[in-house]
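*Asks:* This structure is in structure tokens; I'll ask about it shortly.
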Amino acid sequence: MFDTLVAAPPDPILGLTEAFKKDTNPKKVNLGVGVYKDAGGQTPVLKSVKRAEERILSAEQTKNYLPIEGNAEFDRATLELLFGAQHALVTTGRAVTAQAPGGTGALRVAADFIASTLGKRTVWLSDPTWPNHPNVFHAAGLATNTYPYFDKQRNAVNFAGMMDALATIPEGDVIVLHGCCHNPTGVDLSVAQWEAVAAVIAERKLLPVVDFAYQGFADGLSEDAAGLAVLADRGQEMLVASSYSKNFGLYNERVGALTVVGQDQSAAEITLSHIKRVIRANYSNPPSHGAAIVATVLTDAELRTIWEGEVQEMRDRINTMRHLFVETLHEKGVTQDFSFIANQRGMFSFSGLTPDQVKALRERYAIYIVGSGRISVAGMTEGNMEYLCSAIADVLNGA
Ligand code: LMR
């Protein structure tokens, strides 16, 4: 059976990491996957996380299964982080959360729930979007389509184009929105734009799925939830796929959540019962450790203060790298305007580098960038900046 198979292409993001690991060039730089690097080029375990793990390991009494929807303390803390503990959605039980294996796992549970329970609806994705979005929805048997999002000339949101397209999406379809730090472009909607988008969603009776993987990486933990708050304050039904991979640095623990907002508590609970069926058929119940860490940190005043400081440190550092990148390119004699990168948000920017330039950077300099030209600014360090910018200058000059 297997000898007739032809190899599948490598994943456009994680496949780069595989190739990067095999690369023997000592100067190699990975700006592919969105993974944070500190000044020493490491992806550290946060102090708040280590402290929580010490507590968990000494107090743990059992390795018994978690419930299908995961750790209850984690689910509650996630709801409060998304909407605020006092928000009516939280206090009235209109929003409920199920733990999931990472943001990707949460998206897949959402996709399976939509396909199996709500029926075949088209899922509308921003153009461009994270390359794994279509895979996840297609794997659940859902069709996808796109709405315009990015204006390459202005390096900004193509808001008029987006609104025109949204007005034509058939009633009942699903629209995926990036909560903040749009991946791959690094450009986000303003609050006023979220208001306008929310109005069209309500008018056309669309179901928003908010992919919220970078809370805390743009302006701050609550500031970054401003778009979500616009939808929440309108009482909009929605699904939110959130992730702790980035803001807790818990990449390999696979910890995220799927949150449902219903019209009332009963609708939310009934929806959760369907989501539990989907989870049970998929991976039965989630792994414990990552969620225990998040629950411990978010519910302990001291650990939470440490964590909030660490999120701020990561955010500030990425912004410092954005500015240093623009300055260093300028020093290397690059005349093309890259100043927009300094103003973009989150881990990523759309650099405007062409596929040929991306290929040349990889083949000649062992610099790994996603084929679309998306660069992970979070992978830049003071140590690799000179090499990186000299290489980009060479490639842009056709050297
Ligand atoms: C990325 O876009 O680099 C991250 O979300 C990691 C991933 O799973 O692709």
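Residues in the structure tokens are named by chain (A, B, ... in the order shown) and by number from 1 within that chain; ligands are numbered from 1 in the order shown.
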Identify, on the basis of only C-alpha atoms, every residue whose closest approach to range 273-277 of chain A does not exceed 8 Å; exclude the query and any residue fewer than 4 positions from it along the same chain; express the result as a PyMOL selection string.
*Replies:* chain A and resi 68-69+109-110+113+117+269+281
*Asks:* If you keep N, CA, C and O atoms, can you produce a file of those selected residues as a PDB file, in the first residue's frame?
*Replies:*
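The resulting file, out-v4.pdb, is shown below:
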ATOM      1  N   ILE A  68     -13.315  15.838  29.722  1.00  0.00           N
ATOM      2  CA  ILE A  68     -13.207  16.055  28.268  1.00  0.00           C
ATOM      3  C   ILE A  68     -12.885  17.525  27.965  1.00  0.00           C
ATOM      4  O   ILE A  68     -12.076  17.835  27.093  1.00  0.00           O
ATOM      5  N   GLU A  69     -13.518  18.434  28.706  1.00  0.00           N
ATOM      6  CA  GLU A  69     -13.313  19.872  28.441  1.00  0.00           C
ATOM      7  C   GLU A  69     -12.106  20.427  29.197  1.00  0.00           C
ATOM      8  O   GLU A  69     -11.846  21.635  29.144  1.00  0.00           O
ATOM      9  N   VAL A 109     -10.867  21.608  16.584  1.00  0.00           N
ATOM     10  CA  VAL A 109     -12.101  21.256  17.296  1.00  0.00           C
ATOM     11  C   VAL A 109     -13.241  22.146  16.782  1.00  0.00           C
ATOM     12  O   VAL A 109     -14.351  21.674  16.515  1.00  0.00           O
ATOM     13  N   ALA A 110     -12.951  23.446  16.613  1.00  0.00           N
ATOM     14  CA  ALA A 110     -13.974  24.367  16.092  1.00  0.00           C
ATOM     15  C   ALA A 110     -14.433  23.903  14.713  1.00  0.00           C
ATOM     16  O   ALA A 110     -15.638  23.861  14.420  1.00  0.00           O
ATOM     17  N   PHE A 113     -16.486  20.764  14.926  1.00  0.00           N
ATOM     18  CA  PHE A 113     -17.802  21.095  15.496  1.00  0.00           C
ATOM     19  C   PHE A 113     -18.695  21.731  14.425  1.00  0.00           C
ATOM     20  O   PHE A 113     -19.863  21.346  14.259  1.00  0.00           O
ATOM     21  N   THR A 117     -21.845  19.601  13.302  1.00  0.00           N
ATOM     22  CA  THR A 117     -23.044  20.016  14.036  1.00  0.00           C
ATOM     23  C   THR A 117     -23.807  21.132  13.331  1.00  0.00           C
ATOM     24  O   THR A 117     -25.037  21.150  13.338  1.00  0.00           O
ATOM     25  N   GLU A 269     -24.057  26.110  26.975  1.00  0.00           N
ATOM     26  CA  GLU A 269     -23.832  24.773  27.539  1.00  0.00           C
ATOM     27  C   GLU A 269     -24.181  23.674  26.539  1.00  0.00           C
ATOM     28  O   GLU A 269     -23.484  22.664  26.456  1.00  0.00           O
ATOM     29  N   ALA A 281     -14.170  12.147  20.335  1.00  0.00           N
ATOM     30  CA  ALA A 281     -13.903  11.337  19.141  1.00  0.00           C
ATOM     31  C   ALA A 281     -12.518  11.620  18.563  1.00  0.00           C
ATOM     32  O   ALA A 281     -12.013  10.854  17.748  1.00  0.00           O
TER      33      ALA A 281
END
*Asks:* Would you list the residues that come within 10 Å of ligand 1? Count only C-alpha atoms and all ligand atoms and give the answer as a PyMOL selection string.
*Replies:* chain A and resi 11-15+17+31-35+102-104+129-133+182-184+213-214+243+245-246+251+347-348+370+374-376
*Asks:* Near Ser242 in chain A, counting only C-alpha atoms, which residues have an atom at most 9 Å away, once you skip same-chain residues fewer than 5 positions from it, shown as an MDAnalysis selection string?
*Replies:* chainID A and resid 78 82 100 102:104 106:107 210:215 255:259
*Asks:* Output all heavy atoms of each residue in that selection to a file, as a CSV table (one decimal), in the first residue's frame.
*Replies:*
chain,number,residue,atom,x,y,z
A,78,THR,N,-9.0,31.2,31.6
A,78,THR,CA,-9.0,31.6,30.1
A,78,THR,C,-10.1,32.5,29.8
A,78,THR,O,-9.9,33.6,29.2
A,78,THR,CB,-9.0,30.3,29.3
A,78,THR,OG1,-7.9,29.5,29.5
A,78,THR,CG2,-9.1,30.6,27.8
A,82,LEU,N,-9.7,36.4,28.5
A,82,LEU,CA,-10.2,36.8,27.2
A,82,LEU,C,-11.1,38.1,27.3
A,82,LEU,O,-11.0,39.0,26.6
A,82,LEU,CB,-11.0,35.7,26.5
A,82,LEU,CG,-10.2,34.5,26.0
A,82,LEU,CD1,-11.2,33.5,25.4
A,82,LEU,CD2,-9.2,34.9,25.0
A,100,ALA,N,-7.8,22.9,24.9
A,100,ALA,CA,-7.5,22.2,23.7
A,100,ALA,C,-6.0,22.1,23.5
A,100,ALA,O,-5.3,22.9,24.1
A,100,ALA,CB,-8.1,23.0,22.5
A,102,GLY,N,-3.3,23.3,22.1
A,102,GLY,CA,-2.7,24.4,21.4
A,102,GLY,C,-3.8,25.1,20.6
A,102,GLY,O,-5.0,24.7,20.5
A,103,GLY,N,-3.4,26.3,20.0
A,103,GLY,CA,-4.4,27.1,19.2
A,103,GLY,C,-4.8,26.3,18.0
A,103,GLY,O,-6.0,26.3,17.6
A,104,THR,N,-3.9,25.5,17.4
A,104,THR,CA,-4.2,24.7,16.2
A,104,THR,C,-5.3,23.6,16.6
A,104,THR,O,-6.2,23.4,15.9
A,104,THR,CB,-3.0,24.0,15.7
A,104,THR,OG1,-2.0,25.0,15.5
A,104,THR,CG2,-3.3,23.3,14.3
A,106,ALA,N,-7.4,23.9,19.0
A,106,ALA,CA,-8.7,24.6,19.2
A,106,ALA,C,-9.4,24.9,17.9
A,106,ALA,O,-10.6,24.7,17.8
A,106,ALA,CB,-8.4,25.9,20.0
A,107,LEU,N,-8.6,25.3,16.9
A,107,LEU,CA,-9.2,25.6,15.6
A,107,LEU,C,-9.8,24.3,15.0
A,107,LEU,O,-10.8,24.3,14.4
A,107,LEU,CB,-8.1,26.1,14.6
A,107,LEU,CG,-7.7,27.6,14.9
A,107,LEU,CD1,-6.5,27.9,14.1
A,107,LEU,CD2,-8.8,28.5,14.5
A,210,VAL,N,-12.7,33.6,16.1
A,210,VAL,CA,-11.5,34.5,16.3
A,210,VAL,C,-10.3,33.7,16.7
A,210,VAL,O,-10.3,32.9,17.6
A,210,VAL,CB,-11.8,35.5,17.4
A,210,VAL,CG1,-10.7,36.5,17.6
A,210,VAL,CG2,-13.1,36.3,17.1
A,211,ASP,N,-9.3,33.8,15.8
A,211,ASP,CA,-8.0,33.1,16.1
A,211,ASP,C,-7.2,34.1,16.9
A,211,ASP,O,-6.7,35.1,16.4
A,211,ASP,CB,-7.3,32.7,14.8
A,211,ASP,CG,-6.1,31.9,15.0
A,211,ASP,OD1,-5.7,31.7,16.2
A,211,ASP,OD2,-5.5,31.3,14.1
A,212,PHE,N,-6.9,33.7,18.2
A,212,PHE,CA,-6.3,34.7,19.1
A,212,PHE,C,-5.1,34.0,19.7
A,212,PHE,O,-5.1,33.5,20.9
A,212,PHE,CB,-7.4,35.0,20.2
A,212,PHE,CG,-7.2,36.2,21.0
A,212,PHE,CD1,-6.5,37.3,20.4
A,212,PHE,CD2,-7.6,36.4,22.3
A,212,PHE,CE1,-6.4,38.5,21.1
A,212,PHE,CE2,-7.4,37.5,23.0
A,212,PHE,CZ,-6.8,38.6,22.4
A,213,ALA,N,-4.0,34.0,19.0
A,213,ALA,CA,-2.8,33.3,19.3
A,213,ALA,C,-1.7,34.1,20.0
A,213,ALA,O,-0.7,33.6,20.4
A,213,ALA,CB,-2.3,32.5,18.1
A,214,TYR,N,-1.9,35.5,19.9
A,214,TYR,CA,-0.8,36.4,20.3
A,214,TYR,C,-1.2,37.4,21.3
A,214,TYR,O,-0.6,38.5,21.3
A,214,TYR,CB,-0.2,37.0,19.0
A,214,TYR,CG,0.3,36.0,18.0
A,214,TYR,CD1,-0.6,35.5,17.0
A,214,TYR,CD2,1.5,35.5,18.1
A,214,TYR,CE1,-0.1,34.5,16.1
A,214,TYR,CE2,2.0,34.5,17.2
A,214,TYR,CZ,1.2,34.1,16.2
A,214,TYR,OH,1.6,33.1,15.4
A,215,GLN,N,-2.1,37.1,22.2
A,215,GLN,CA,-2.6,38.0,23.2
A,215,GLN,C,-1.4,38.5,24.0
A,215,GLN,O,-0.7,37.7,24.6
A,215,GLN,CB,-3.7,37.4,24.1
A,215,GLN,CG,-4.3,38.5,25.0
A,215,GLN,CD,-5.4,37.9,25.8
A,215,GLN,OE1,-5.7,36.7,25.8
A,215,GLN,NE2,-6.1,38.8,26.6
A,255,VAL,N,-0.9,23.9,24.6
A,255,VAL,CA,-2.0,24.3,25.5
A,255,VAL,C,-2.7,25.6,24.9
A,255,VAL,O,-2.1,26.6,24.6
A,255,VAL,CB,-1.5,24.5,26.9
A,255,VAL,CG1,-0.3,25.4,27.0
A,255,VAL,CG2,-2.6,25.0,27.8
A,256,GLY,N,-3.9,25.4,24.6
A,256,GLY,CA,-4.8,26.4,24.1
A,256,GLY,C,-6.2,26.2,24.5
A,256,GLY,O,-6.5,25.3,25.4
A,257,ALA,N,-7.2,26.9,23.9
A,257,ALA,CA,-8.5,26.7,24.4
A,257,ALA,C,-9.5,27.1,23.3
A,257,ALA,O,-9.2,28.0,22.5
A,257,ALA,CB,-8.8,27.6,25.6
A,258,LEU,N,-10.7,26.5,23.3
A,258,LEU,CA,-11.8,26.9,22.4
A,258,LEU,C,-12.9,27.4,23.3
A,258,LEU,O,-13.4,26.7,24.2
A,258,LEU,CB,-12.3,25.7,21.6
A,258,LEU,CG,-13.5,26.1,20.7
A,258,LEU,CD1,-13.0,27.1,19.7
A,258,LEU,CD2,-14.0,24.8,20.0
A,259,THR,N,-13.3,28.7,23.1
A,259,THR,CA,-14.3,29.3,23.9
A,259,THR,C,-15.5,29.6,23.0
A,259,THR,O,-15.4,30.0,21.9
A,259,THR,CB,-13.8,30.6,24.5
A,259,THR,OG1,-12.7,30.3,25.4
A,259,THR,CG2,-14.8,31.4,25.2
*Asks:* Select from range 148-381 of chain A everything DSSP, run on the backbone, classes as strand (DSSP E or B), then give the selection as a ChimeraX atom specification.
*Replies:* /A:148,150-151,156-157,174-178,207-212,238-243,256-261,348-350,367-368,374-376
*Asks:* Work out how far apart CA of Val174 in chain A and CA of Ala88 in chain A are and give it in Å to one decimal.
*Replies:*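 A separation of 24.4 Å between them.
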*Asks:* Between A:Ala393, A:Val209, A:Ala342, A:Ile279, which residue has the minimum interatomic distance to Pro67 in chain A, considering only C-alpha atoms?
*Replies:*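 Looking at the shortest contact to Pro67 in chain A, the residue is A:Ile279.
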*Asks:* Per residue of range 190-242 of chain A within 12 Å of range 143-161 of chain A, which atom pair is closest and at what distance in Å (one decimal), using only C-alpha atoms, listed by chain and increasing number, as a tab-separated table?
*Replies:*
residue	atom	partner	partner_atom	distance
A:Ser190	CA	A:Val157	CA	9.6
A:Ala192	CA	A:Phe159	CA	11.1
A:Gln193	CA	A:Phe159	CA	7.8
A:Trp194	CA	A:Phe159	CA	10.4
A:Ala196	CA	A:Phe159	CA	10.0
A:Val197	CA	A:Phe159	CA	9.6
*Asks:* Would you mind writing down, as a PyMOL selection string, each residue of range 157-240 of chain A that DSSP on the backbone assigns to alpha helix (DSSP H)?
*Replies:* chain A and resi 159-166+191-203+226-233
*Asks:* Of the candidates A:Ser349, A:Arg304, A:Ser372, A:His330, which one gets nearest to Ile392 in chain A if we count only C-alpha atoms?
*Replies:*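 Nearest to Ile392 in chain A: A:His330.
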*Asks:* Please identify all polymer residues within 10 Å of Thr299 in chain A, counting only C-alpha atoms, omitting same-chain residues fewer than 3 positions from it, and present them as a ChimeraX atom specification.
*Replies:* /A:73-74,76-77,294-296,302-304
*Asks:* Tell me, in Å to one decimal, how far CA of Arg254 in chain A is from CA of Pro134 in chain A.
*Replies:*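 Calculated distance between CA of Arg254 in chain A and CA of Pro134 in chain A is 20.1 Å.
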*Asks:* Considering only C-alpha atoms, can you say which of A:Asp3, A:Glu171, A:Asp112, A:Asp75 comes closest to Val278 in chain A?
*Replies:*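 Checking each of A:Asp3, A:Glu171, A:Asp112, A:Asp75 against Val278 in chain A, counting only C-alpha atoms, the winner is A:Asp112.
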*Asks:* Which residues come within 8 Å of Phe248 in chain A, counting only C-alpha atoms, excluding same-chain residues fewer than 3 positions away, as a PyMOL selection string?
*Replies:* chain A and resi 46+49+244-245+294+307+311
*Asks:* Considering only C-alpha atoms, can you say which of A:Gly383, A:Gly220, A:Gly172, A:Gly398 comes closest to Met314 in chain A?
*Replies:*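 Of the candidates, the smallest distance to Met314 in chain A is held by A:Gly220.
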*Asks:* Between A:Val200, A:Phe20, A:Ala139, A:Phe2, which is the closest to Met163 in chain A once you count only C-alpha atoms?
*Replies:*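 Smallest distance to Met163 in chain A is found for A:Val200.
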